[in-house]
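Data file: run-v4.tsv. Format and content: TSV, C-alpha atoms.
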chain	number	residue	atom	x	y	z
A	1	ARG	CA	52.59	-61.15	30.82
A	2	PRO	CA	52.01	-58.40	33.42
A	3	PRO	CA	48.59	-58.33	35.14
A	4	ARG	CA	46.00	-56.40	33.17
A	5	SER	CA	45.18	-53.06	34.75
A	6	THR	CA	42.26	-50.72	34.06
A	7	LEU	CA	44.31	-47.86	32.66
A	8	PHE	CA	47.35	-49.56	31.15
A	9	PRO	CA	46.57	-53.12	30.02
A	10	TYR	CA	49.44	-55.51	29.26
A	11	THR	CA	52.20	-53.09	30.21
A	12	THR	CA	54.72	-52.04	32.80
A	13	LEU	CA	55.35	-48.29	32.85
A	14	PHE	CA	58.73	-46.68	32.24
A	15	ARG	CA	60.95	-49.72	31.80
A	16	SER	CA	64.35	-49.25	30.21
A	17	ARG	CA	64.22	-48.77	26.46
A	18	ASP	CA	66.44	-51.77	25.67
A	19	GLU	CA	64.20	-54.11	27.61
A	20	THR	CA	61.02	-52.50	26.33
A	21	TRP	CA	61.78	-53.01	22.64
A	22	THR	CA	63.73	-56.27	22.69
A	23	GLY	CA	62.44	-58.54	19.92
A	24	HIS	CA	60.12	-55.88	18.45
A	25	ARG	CA	60.21	-54.85	14.79
A	26	PHE	CA	58.50	-51.63	13.77
A	27	LEU	CA	55.70	-52.04	11.20
A	28	SER	CA	54.66	-48.41	10.75
A	29	PRO	CA	55.88	-44.86	11.18
A	30	PRO	CA	54.75	-43.18	14.42
A	31	THR	CA	51.52	-41.18	14.49
A	32	GLY	CA	51.14	-38.42	17.05
A	33	GLN	CA	48.38	-36.62	18.89
A	34	GLY	CA	49.07	-34.20	21.70
A	35	SER	CA	51.68	-35.70	24.02
A	36	GLN	CA	51.21	-39.23	22.66
A	37	LEU	CA	52.88	-41.19	19.86
A	38	PHE	CA	51.44	-44.45	18.49
A	39	VAL	CA	53.39	-47.08	16.55
A	40	LEU	CA	52.81	-50.69	15.47
A	41	THR	CA	55.39	-53.40	16.19
A	42	LEU	CA	55.72	-57.12	15.53
A	43	ASN	CA	57.21	-59.50	18.11
A	44	GLU	CA	57.33	-63.11	16.95
A	45	THR	CA	53.66	-63.91	16.19
A	46	GLN	CA	52.01	-60.91	17.84
A	47	VAL	CA	51.31	-57.41	16.50
A	48	PHE	CA	51.28	-54.69	19.17
A	49	LEU	CA	50.07	-51.11	19.27
A	50	ASN	CA	52.40	-49.05	21.45
A	51	CYS	CA	51.69	-45.67	23.03
A	52	LEU	CA	54.74	-43.54	23.85
A	53	GLN	CA	55.33	-40.19	25.52
A	54	ARG	CA	56.17	-37.80	22.69
A	55	ASN	CA	58.97	-35.88	24.46
A	56	THR	CA	60.78	-38.77	26.17
A	57	GLY	CA	59.91	-41.90	24.18
A	58	GLU	CA	58.83	-43.68	27.35
A	59	LEU	CA	56.21	-46.39	26.93
A	60	PHE	CA	52.75	-45.58	28.34
A	61	TRP	CA	50.96	-48.77	27.34
A	62	ARG	CA	51.22	-51.66	24.91
A	63	GLN	CA	48.25	-53.56	23.53
A	64	PRO	CA	48.39	-56.80	21.49
A	65	VAL	CA	46.04	-56.30	18.57
A	66	LEU	CA	46.62	-59.41	16.46
A	67	PHE	CA	47.96	-62.94	16.74
A	68	ILE	CA	49.25	-64.17	13.41
A	69	ASP	CA	50.05	-67.54	11.88
A	70	GLU	CA	53.83	-67.70	11.56
A	71	ASN	CA	53.35	-69.41	8.20
A	72	ALA	CA	50.99	-66.74	6.84
A	73	ILE	CA	52.24	-65.73	3.40
A	74	SER	CA	51.22	-62.09	3.77
A	75	PHE	CA	53.56	-61.66	6.74
A	76	ILE	CA	56.56	-63.79	5.76
A	77	ASP	CA	56.63	-62.71	2.10
A	78	THR	CA	58.91	-59.67	2.16
A	79	SER	CA	59.44	-59.45	-1.60
A	80	LEU	CA	56.91	-56.63	-1.95
A	81	PHE	CA	56.70	-53.85	0.60
A	82	ALA	CA	52.98	-53.31	0.04
A	83	LYS	CA	52.23	-56.87	1.17
A	84	ARG	CA	53.58	-56.15	4.66
A	85	ALA	CA	52.96	-52.41	5.07
A	86	SER	CA	50.82	-51.39	8.02
A	87	THR	CA	49.87	-47.99	9.39
A	88	CYS	CA	47.96	-46.35	12.19
A	89	LEU	CA	46.16	-43.02	12.41
A	90	VAL	CA	44.33	-41.12	15.11
A	91	ALA	CA	40.89	-39.48	15.05
A	92	GLY	CA	39.60	-38.08	18.32
A	93	ASP	CA	39.94	-40.75	21.01
A	94	THR	CA	40.33	-43.64	18.55
A	95	VAL	CA	43.51	-45.07	17.04
A	96	VAL	CA	42.78	-46.98	13.82
A	97	CYS	CA	45.33	-49.71	13.02
A	98	SER	CA	45.33	-50.74	9.35
A	99	LEU	CA	47.24	-54.03	9.07
A	100	ALA	CA	48.76	-55.56	5.98
A	101	ASP	CA	46.41	-58.52	5.93
A	102	GLY	CA	43.28	-56.44	5.34
A	103	ILE	CA	42.35	-56.07	9.01
A	104	LEU	CA	41.41	-52.79	10.68
A	105	ILE	CA	41.30	-52.46	14.45
A	106	GLY	CA	40.00	-49.58	16.57
A	107	VAL	CA	41.75	-48.92	19.88
A	108	ARG	CA	40.97	-46.32	22.55
A	109	ALA	CA	43.81	-43.80	22.63
A	110	THR	CA	43.74	-43.16	26.37
A	111	ASP	CA	44.31	-46.71	27.64
A	112	GLY	CA	44.63	-49.11	24.70
A	113	MET	CA	41.24	-50.75	25.14
A	114	LEU	CA	40.16	-52.71	22.03
A	115	LEU	CA	37.00	-51.17	20.56
A	116	TRP	CA	36.38	-53.09	17.34
A	117	ALA	CA	37.96	-55.16	14.57
A	118	THR	CA	36.88	-55.44	10.93
A	119	THR	CA	38.21	-57.51	8.02
A	120	ILE	CA	38.06	-55.92	4.57
A	121	ARG	CA	40.07	-58.43	2.52
A	122	GLU	CA	38.08	-60.11	-0.20
A	123	GLN	CA	36.64	-63.45	0.92
A	124	PRO	CA	37.39	-66.43	-1.33
A	125	SER	CA	34.30	-67.65	-3.15
A	126	VAL	CA	33.35	-71.05	-4.48
A	127	VAL	CA	34.90	-71.24	-7.93
A	128	PRO	CA	32.89	-73.14	-10.55
A	129	ARG	CA	34.73	-75.70	-12.63
A	130	ALA	CA	34.20	-76.95	-16.11
A	131	ARG	CA	33.76	-80.72	-16.28
A	132	PHE	CA	37.27	-81.40	-17.60
A	133	GLY	CA	38.71	-77.90	-17.49
A	134	SER	CA	40.44	-75.51	-15.14
A	135	PRO	CA	38.57	-73.37	-12.56
A	136	ILE	CA	36.54	-70.46	-13.91
A	137	SER	CA	37.12	-67.27	-11.94
A	138	THR	CA	34.09	-65.05	-11.41
A	139	GLU	CA	35.77	-62.46	-9.19
A	140	GLU	CA	37.00	-59.05	-10.27
A	141	SER	CA	40.74	-59.08	-10.89
A	142	ALA	CA	43.08	-57.78	-8.19
A	143	ILE	CA	44.63	-54.34	-8.56
A	144	THR	CA	48.36	-53.84	-8.95
A	145	SER	CA	49.23	-50.48	-7.41
A	146	PRO	CA	52.63	-48.75	-7.07
A	147	SER	CA	51.50	-47.03	-3.87
A	148	ILE	CA	49.65	-47.90	-0.68
A	149	LEU	CA	46.14	-46.56	-0.22
A	150	VAL	CA	46.55	-45.18	3.30
A	151	PRO	CA	43.20	-44.90	5.14
A	152	SER	CA	41.66	-41.46	5.60
A	153	ILE	CA	39.14	-40.38	8.24
A	154	SER	CA	36.51	-37.65	8.14
A	155	GLU	CA	33.14	-37.22	9.84
A	156	GLU	CA	33.70	-40.51	11.72
A	157	ILE	CA	34.01	-42.48	8.48
A	158	VAL	CA	37.17	-44.44	7.68
A	159	VAL	CA	37.87	-44.73	3.93
A	160	CYS	CA	40.14	-47.71	3.28
A	161	CYS	CA	40.94	-50.79	1.23
A	162	ASN	CA	43.26	-53.78	1.24
A	163	HIS	CA	46.28	-53.24	-1.01
A	164	ALA	CA	45.32	-55.46	-3.94
A	165	SER	CA	41.57	-55.37	-3.32
A	166	PRO	CA	39.30	-54.28	-6.20
A	167	SER	CA	36.94	-52.70	-3.64
A	168	LEU	CA	36.91	-49.48	-1.63
A	169	TYR	CA	35.26	-49.42	1.81
A	170	GLY	CA	33.71	-46.90	4.17
A	171	LEU	CA	33.79	-47.96	7.86
A	172	SER	CA	32.22	-46.44	10.94
A	173	LEU	CA	34.89	-45.00	13.25
A	174	LYS	CA	32.61	-45.70	16.20
A	175	ASN	CA	32.11	-49.46	15.83
A	176	GLY	CA	33.98	-50.58	12.67
A	177	GLU	CA	30.77	-51.42	10.80
A	178	ILE	CA	31.11	-51.50	7.00
A	179	LEU	CA	28.85	-48.64	5.85
A	180	TRP	CA	29.46	-49.02	2.13
A	181	LYS	CA	31.54	-50.91	-0.41
A	182	SER	CA	32.19	-49.76	-3.98
A	183	SER	CA	34.47	-50.52	-6.91
A	184	ARG	CA	38.02	-49.22	-6.77
A	185	ARG	CA	37.93	-48.59	-10.51
A	186	ALA	CA	36.72	-45.41	-12.17
A	187	PHE	CA	33.56	-45.35	-14.26
A	188	GLY	CA	33.94	-43.36	-17.47
A	189	ALA	CA	34.56	-43.36	-21.19
A	190	GLY	CA	37.84	-44.00	-23.01
A	191	ASP	CA	41.02	-44.54	-21.03
A	192	VAL	CA	39.33	-43.48	-17.78
A	193	GLY	CA	36.99	-46.47	-17.62
A	194	GLY	CA	38.44	-49.22	-15.45
A	195	SER	CA	41.40	-47.14	-14.29
A	196	PRO	CA	42.19	-48.23	-10.68
A	197	ASP	CA	42.48	-45.87	-7.71
A	198	TYR	CA	46.01	-45.70	-6.28
A	199	TYR	CA	45.58	-43.39	-3.28
A	200	VAL	CA	43.31	-40.94	-1.47
A	201	ALA	CA	44.43	-37.40	-2.28
A	202	GLY	CA	42.18	-35.98	0.44
A	203	ILE	CA	38.67	-35.65	1.79
A	204	CYS	CA	37.02	-32.33	1.03
A	205	GLY	CA	33.59	-31.86	2.58
A	206	ASP	CA	31.51	-34.85	1.56
A	207	GLN	CA	33.87	-35.85	-1.26
A	208	VAL	CA	36.64	-38.46	-1.19
A	209	ILE	CA	39.18	-37.53	-3.89
A	210	LEU	CA	40.96	-40.53	-5.42
A	211	ILE	CA	43.81	-40.50	-7.93
A	212	GLY	CA	44.86	-43.32	-10.22
A	213	ASP	CA	47.12	-43.84	-13.18
A	214	ARG	CA	44.84	-42.02	-15.63
A	215	HIS	CA	42.20	-40.28	-13.56
A	216	CYS	CA	41.16	-38.10	-10.66
A	217	ARG	CA	37.68	-38.79	-9.33
A	218	SER	CA	35.29	-38.03	-6.49
A	219	VAL	CA	33.15	-40.49	-4.56
A	220	GLY	CA	30.64	-39.66	-1.86
A	221	LEU	CA	32.00	-39.91	1.67
A	222	LYS	CA	28.74	-41.36	3.00
A	223	SER	CA	27.78	-43.51	0.01
A	224	GLY	CA	30.90	-44.48	-1.96
A	225	GLU	CA	29.11	-43.55	-5.21
A	226	GLN	CA	31.13	-41.78	-7.91
A	227	ASN	CA	30.27	-38.10	-8.36
A	228	TRP	CA	32.58	-37.22	-11.24
A	229	VAL	CA	35.79	-38.33	-12.93
A	230	VAL	CA	38.32	-36.44	-15.04
A	231	GLN	CA	41.16	-37.82	-17.14
A	232	ILE	CA	44.69	-36.73	-16.22
A	233	PRO	CA	48.15	-37.32	-17.75
A	234	ALA	CA	50.80	-39.42	-16.02
A	235	SER	CA	51.84	-37.88	-12.70
A	236	SER	CA	55.34	-37.44	-11.30
A	237	GLY	CA	54.42	-37.57	-7.61
A	238	ARG	CA	51.65	-37.62	-5.07
A	239	GLY	CA	48.91	-35.00	-5.37
A	240	GLU	CA	46.96	-33.35	-2.58
A	241	CYS	CA	43.61	-31.66	-1.99
A	242	ARG	CA	42.91	-28.56	0.04
A	243	GLY	CA	39.95	-26.24	-0.18
A	244	ASP	CA	38.26	-26.63	-3.56
A	245	ARG	CA	41.44	-27.52	-5.47
A	246	CYS	CA	43.38	-30.72	-6.10
A	247	VAL	CA	47.00	-30.16	-7.16
A	248	ILE	CA	48.64	-33.01	-9.10
A	249	PRO	CA	52.28	-32.88	-10.33
A	250	VAL	CA	52.58	-34.29	-13.85
A	251	ARG	CA	55.60	-35.58	-15.74
A	252	GLU	CA	55.90	-32.47	-17.89
A	253	GLY	CA	57.06	-30.59	-14.79
A	254	GLN	CA	53.81	-28.70	-14.27
A	255	ALA	CA	51.13	-28.76	-11.60
A	256	LEU	CA	47.69	-29.84	-12.80
A	257	LEU	CA	44.74	-28.23	-11.04
A	258	VAL	CA	41.33	-29.86	-10.65
A	259	ASN	CA	38.32	-27.82	-9.55
A	260	LEU	CA	36.67	-30.02	-6.93
A	261	SER	CA	33.37	-28.16	-7.00
A	262	ASN	CA	32.53	-29.51	-10.47
A	263	GLY	CA	35.28	-31.98	-11.36
A	264	SER	CA	36.80	-29.94	-14.18
A	265	LEU	CA	40.41	-29.33	-15.13
A	266	ILE	CA	41.55	-25.74	-14.69
A	267	THR	CA	43.14	-24.67	-17.94
A	268	THR	CA	46.76	-23.63	-17.93
A	269	SER	CA	47.09	-19.89	-17.48
A	270	PHE	CA	48.58	-17.94	-20.37
A	271	VAL	CA	50.28	-15.66	-17.86
A	272	ASP	CA	54.01	-16.07	-18.41
A	273	SER	CA	55.86	-17.99	-15.71
A	274	PRO	CA	58.18	-15.90	-13.55
A	275	LYS	CA	61.81	-15.75	-14.62
A	276	GLY	CA	63.88	-18.51	-13.06
A	277	SER	CA	60.82	-20.62	-12.22
A	278	ILE	CA	61.49	-24.32	-11.65
A	279	ASP	CA	59.63	-27.29	-13.07
A	280	GLN	CA	57.49	-28.95	-10.41
A	281	TYR	CA	58.31	-32.63	-10.00
A	282	GLY	CA	57.63	-34.66	-6.86
A	283	ALA	CA	55.07	-35.15	-4.12
A	284	ILE	CA	52.91	-32.19	-3.14
A	285	SER	CA	51.85	-31.20	0.37
A	286	SER	CA	50.37	-27.96	1.63
A	287	ASP	CA	48.76	-26.01	4.41
A	288	ASP	CA	46.47	-22.98	4.22
A	289	GLU	CA	49.27	-20.63	3.09
A	290	LEU	CA	52.13	-22.61	1.55
A	291	LEU	CA	52.55	-25.43	-0.97
A	292	SER	CA	55.67	-27.61	-1.10
A	293	VAL	CA	56.96	-29.95	-3.81
A	294	ALA	CA	59.36	-32.60	-2.50
A	295	THR	CA	61.69	-35.05	-4.25
A	296	PRO	CA	64.23	-37.43	-2.66
A	297	THR	CA	66.90	-34.71	-2.99
A	298	SER	CA	65.08	-31.37	-2.76
A	299	ILE	CA	62.07	-29.46	-1.52
A	300	PHE	CA	60.59	-26.26	-2.97
A	301	VAL	CA	58.03	-24.12	-1.17
A	302	TYR	CA	55.64	-21.69	-2.88
A	303	PRO	CA	52.96	-19.32	-1.57
A	304	ARG	CA	49.41	-20.39	-2.39
A	305	VAL	CA	47.76	-17.98	-4.78
A	306	ASP	CA	44.32	-18.55	-3.28
A	307	ALA	CA	45.73	-17.65	0.15
A	308	LEU	CA	47.39	-14.51	-1.21
A	309	LEU	CA	44.08	-13.40	-2.70
A	310	ASN	CA	42.58	-13.25	0.79
A	311	SER	CA	44.80	-10.22	1.34
A	312	ALA	CA	45.26	-9.14	-2.26
A	313	ASP	CA	45.79	-5.50	-1.36
A	314	GLN	CA	48.91	-6.52	0.58
A	315	LEU	CA	50.61	-8.49	-2.20
A	316	PRO	CA	54.31	-7.51	-2.35
A	317	ALA	CA	54.07	-6.98	-6.10
A	318	LEU	CA	51.45	-4.26	-5.55
A	319	THR	CA	53.76	-2.28	-3.32
A	320	ALA	CA	56.40	-2.22	-6.03
A	321	ASN	CA	53.91	-1.54	-8.86
A	322	PRO	CA	50.97	0.48	-7.51
A	323	THR	CA	49.84	1.54	-11.01
A	324	LYS	CA	49.42	-2.13	-12.00
A	325	GLN	CA	47.21	-3.08	-9.06
A	326	PHE	CA	44.26	-4.31	-11.12
A	327	LEU	CA	46.49	-6.14	-13.60
A	328	ILE	CA	48.43	-8.01	-10.89
A	329	GLN	CA	45.28	-9.00	-9.01
A	330	ALA	CA	43.66	-10.14	-12.26
A	331	GLN	CA	46.70	-12.29	-13.10
A	332	ALA	CA	46.60	-13.83	-9.62
A	333	HIS	CA	42.92	-14.78	-10.10
A	334	LEU	CA	43.78	-16.27	-13.49
A	335	ILE	CA	46.64	-18.37	-12.09
A	336	ASN	CA	44.17	-19.64	-9.51
A	337	GLY	CA	41.87	-20.72	-12.33
A	338	ASP	CA	39.15	-18.13	-11.70
A	339	VAL	CA	38.71	-16.53	-15.12
A	340	ASP	CA	35.38	-14.89	-14.23
A	341	ALA	CA	36.88	-13.08	-11.22
A	342	SER	CA	39.81	-11.91	-13.35
A	343	MET	CA	37.53	-10.52	-16.07
A	344	ALA	CA	35.20	-8.86	-13.56
A	345	LEU	CA	38.12	-7.08	-11.91
A	346	LEU	CA	39.48	-5.79	-15.22
A	347	LYS	CA	36.05	-4.67	-16.43
A	348	ASP	CA	35.50	-2.73	-13.21
A	349	ALA	CA	38.91	-1.09	-13.63
A	350	VAL	CA	38.12	-0.01	-17.19
A	351	ALA	CA	34.56	1.11	-16.38
A	352	GLY	CA	35.69	3.10	-13.34
A	353	ARG	CA	38.46	4.90	-15.18
A	354	LYS	CA	38.08	8.66	-15.32
A	355	THR	CA	37.75	10.21	-18.75
A	356	ASP	CA	40.88	12.33	-18.27
A	357	ALA	CA	42.94	9.46	-16.83
A	358	SER	CA	45.69	7.99	-18.93
A	359	LYS	CA	44.99	4.59	-20.41
A	360	LEU	CA	46.86	1.52	-19.27
A	361	PRO	CA	47.50	-0.48	-22.45
A	362	GLN	CA	48.46	-3.61	-20.54
A	363	VAL	CA	45.13	-3.72	-18.70
A	364	ASP	CA	43.12	-3.12	-21.89
A	365	GLU	CA	45.09	-5.69	-23.88
A	366	PHE	CA	44.87	-8.26	-21.11
A	367	LEU	CA	41.09	-7.85	-20.86
A	368	ALA	CA	40.72	-8.08	-24.64
A	369	GLU	CA	42.75	-11.29	-24.74
A	370	LEU	CA	40.64	-12.82	-21.97
A	371	ILE	CA	37.42	-11.96	-23.81
A	372	LEU	CA	38.71	-13.49	-27.04
A	373	LYS	CA	39.70	-16.73	-25.29
A	374	GLN	CA	36.26	-17.19	-23.75
Can the structure from this file be put into C-alpha cells for me?
Amino acid sequence: RPPRSTLFPYTTLFRSRDETWTGHRFLSPPTGQGSQLFVLTLNETQVFLNCLQRNTGELFWRQPVLFIDENAISFIDTSLFAKRASTCLVAGDTVVCSLADGILIGVRATDGMLLWATTIREQPSVVPRARFGSPISTEESAITSPSILVPSISEEIVVCCNHASPSLYGLSLKNGEILWKSSRRAFGAGDVGGSPDYYVAGICGDQVILIGDRHCRSVGLKSGEQNWVVQIPASSGRGECRGDRCVIPVREGQALLVNLSNGSLITTSFVDSPKGSIDQYGAISSDDELLSVATPTSIFVYPRVDALLNSADQLPALTANPTKQFLIQAQAHLINGDVDASMALLKDAVAGRKTDASKLPQVDEFLAELILKQ
C-alpha cells in the first residue's frame, strides 16, 4: 500500500490504466461532477471508491471504503442483481456510496477522506419461540421489488433504503445520522394500503415522491410522514417528477399525470391527440423544456406543455392559426391539466369580443363543453 498522503490517500497518481485497474470489478456506473468522475470497484475483499479525471480517465485518488467477508452471502450471491447492486452520487463536496449490504458511506470529494458511515439494514431481533413449535416472526415482511431504490439527496438529506428493507430512511448528508425512519408501504384504503414503494420518482420542494406497484405517494422530506397517496394503474416504465407534476407511463400507452400540490390525478384531456401520435411506453426523463420516453430500442422526445405556456404567444401553432389564438392556448392549458386557466382564457375571449365581430363557433363550443364537464 502506498504511503497515505494528505491530499490523495492510498493512491499513486497517473499510473498506467492496465496496472491501475488490475483485479478490480466495477460495482456501479460512474457519477460525475465538474472535472471528476466517481465509481465503485471491488478487488478481492475490499470495496474502493475511485476518483478519475473526466476527460482522460486518469486516477486522481482511490479510497478503500469497506472490507468484506469473502463468505458474505450478499456479495457472493449473484443470482439476483439487486442483492449486489451498489451506487454512488454526489452532493456538494460529499460523495455518498450506497453499498449492496445496506451500508452508506460519506466521502469527501476533493481528497477521498472518509466522513461517516451508517448501516440501514434491518437488525435481526430476538425471535420468540413456542414451547414445541417453530420460531414466531414479529418483524414486518421484507419487500420484493423489481427495481432498486436509488438514494436521492435534497437539502442535505439523503433518502434511502436497503433493497428488501420494509423501512425508508432519511440521513443527514453532513454526518450520516439517521434523522427519520418510516414504513416503505403506503397507508390508504383498498388496493393502495400496504402497497410497497419501488423507487423515488423525485424530490420536489419538501416532498419525496415515491412510486410503487399500485400507488404514487408523497412523504415529508424532513419527517418521513406520508402527506398523500393516490392509486395508479400498472406502469410500463419509470416515472419522473419535475415542477408540480409527476409523469408516469402506464401500460395502456398513455402518460398519467399527478398534481403534486394536492396529490390528485389530472384527468385525461378530451382534446384529440395529434394525428400520428405514438403511444408512450418506457421510462420517462425530462428537463425544463423537453420530456423523453425511452425503451430498449427507441427514444421519443416531446416539448413540455408547461414550458411552452411560459411563452404561449410564441407557440408555432399560433403563427399558423392567428385567429385560433385563444382556442390553442386554452387547449394547451387543458392538456397541462389546468382546467380553470383554460376556462378563464376562453371566458375572457368571449367577454372581450366586439359586438360586430364574427363569432368563432369552435371557441364557443369548446367553452360550453368545458362548463358542462365541470
Selection near Phe26 (chain A), 8 Å with all atoms listed in the file, sequence-local residues under 3 positions removed, as an NGL selection string: :A and (29 or 39-42)
Region 346-350 of chain A: axis-aligned bounding box, 3 Å on each side, centre and edge lengths in Å, one decimal, as AutoDock Vina command-line options:
--center_x 37.5 --center_y -2.9 --center_z -15.2 --size_x 10.0 --size_y 11.8 --size_z 10.0
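Across the model, the gap from CA of Asp197 (chain A) to CA of Thr295 (chain A) is 22.3 Å.
Compared by their closest atoms to Leu327 (chain A), and using all atoms listed in the file, the residues A:Leu168, A:Ala100, A:Leu367, A:Ala307 rank with A:Leu367 nearest.
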Atom-to-atom span, CA of Leu345 (chain A) and CA of Glu365 (chain A), Å: 13.9 Å
Proximity to Cys160 (chain A) - best of A:Phe300, A:Phe60, A:Tyr281, A:Tyr199, all atoms listed in the file: A:Tyr199
Polymer residues at most 10 Å from (50.6, -18.9, -5.3) by all atoms listed in the file, as a ChimeraX atom specification: /A:289-291,301-309,332-333,335-336
Could you dump the residues just selected with C-alpha atoms as a short mmCIF file (atom, residue, chain, number, x, y, z; two decimals), in the coordinates of the input?
data_model
loop_
_atom_site.label_atom_id
_atom_site.label_comp_id
_atom_site.auth_asym_id
_atom_site.auth_seq_id
_atom_site.Cartn_x
_atom_site.Cartn_y
_atom_site.Cartn_z
CA GLU A 289 49.27 -20.63 3.09
CA LEU A 290 52.13 -22.61 1.55
CA LEU A 291 52.55 -25.43 -0.97
CA VAL A 301 58.03 -24.12 -1.17
CA TYR A 302 55.64 -21.69 -2.88
CA PRO A 303 52.96 -19.32 -1.57
CA ARG A 304 49.41 -20.39 -2.39
CA VAL A 305 47.76 -17.98 -4.78
CA ASP A 306 44.32 -18.55 -3.28
CA ALA A 307 45.73 -17.65 0.15
CA LEU A 308 47.39 -14.51 -1.21
CA LEU A 309 44.08 -13.40 -2.70
CA ALA A 332 46.60 -13.83 -9.62
CA HIS A 333 42.92 -14.78 -10.10
CA ILE A 335 46.64 -18.37 -12.09
CA ASN A 336 44.17 -19.64 -9.51
#
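Using all atoms listed in the file for every distance, the candidate list A:Ile68, A:Leu49, A:Val258, A:Ala142 yields A:Leu49 as the residue closest to Met113 (chain A).
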CA of Cys88 (chain A) to CA of Phe48 (chain A), distance in Å rounded to a single decimal: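 We find that CA of Cys88 (chain A) and CA of Phe48 (chain A) lie 11.4 Å from each other.
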8 Å contact set for Ala85 (chain A), only C-alpha atoms, chain neighbours under 6 positions out, as a PyMOL selection string: chain A and resi 27-28+99-100
For Ser154 (chain A), the nearest of the candidates A:Val208, A:Trp228, A:Ser35, A:Ile120, counting only C-alpha atoms: A:Val208
Who sits within 10 Å of Asp338 (chain A), all atoms listed in the file, same chain under 5 positions skipped, as a count of residues only: 10
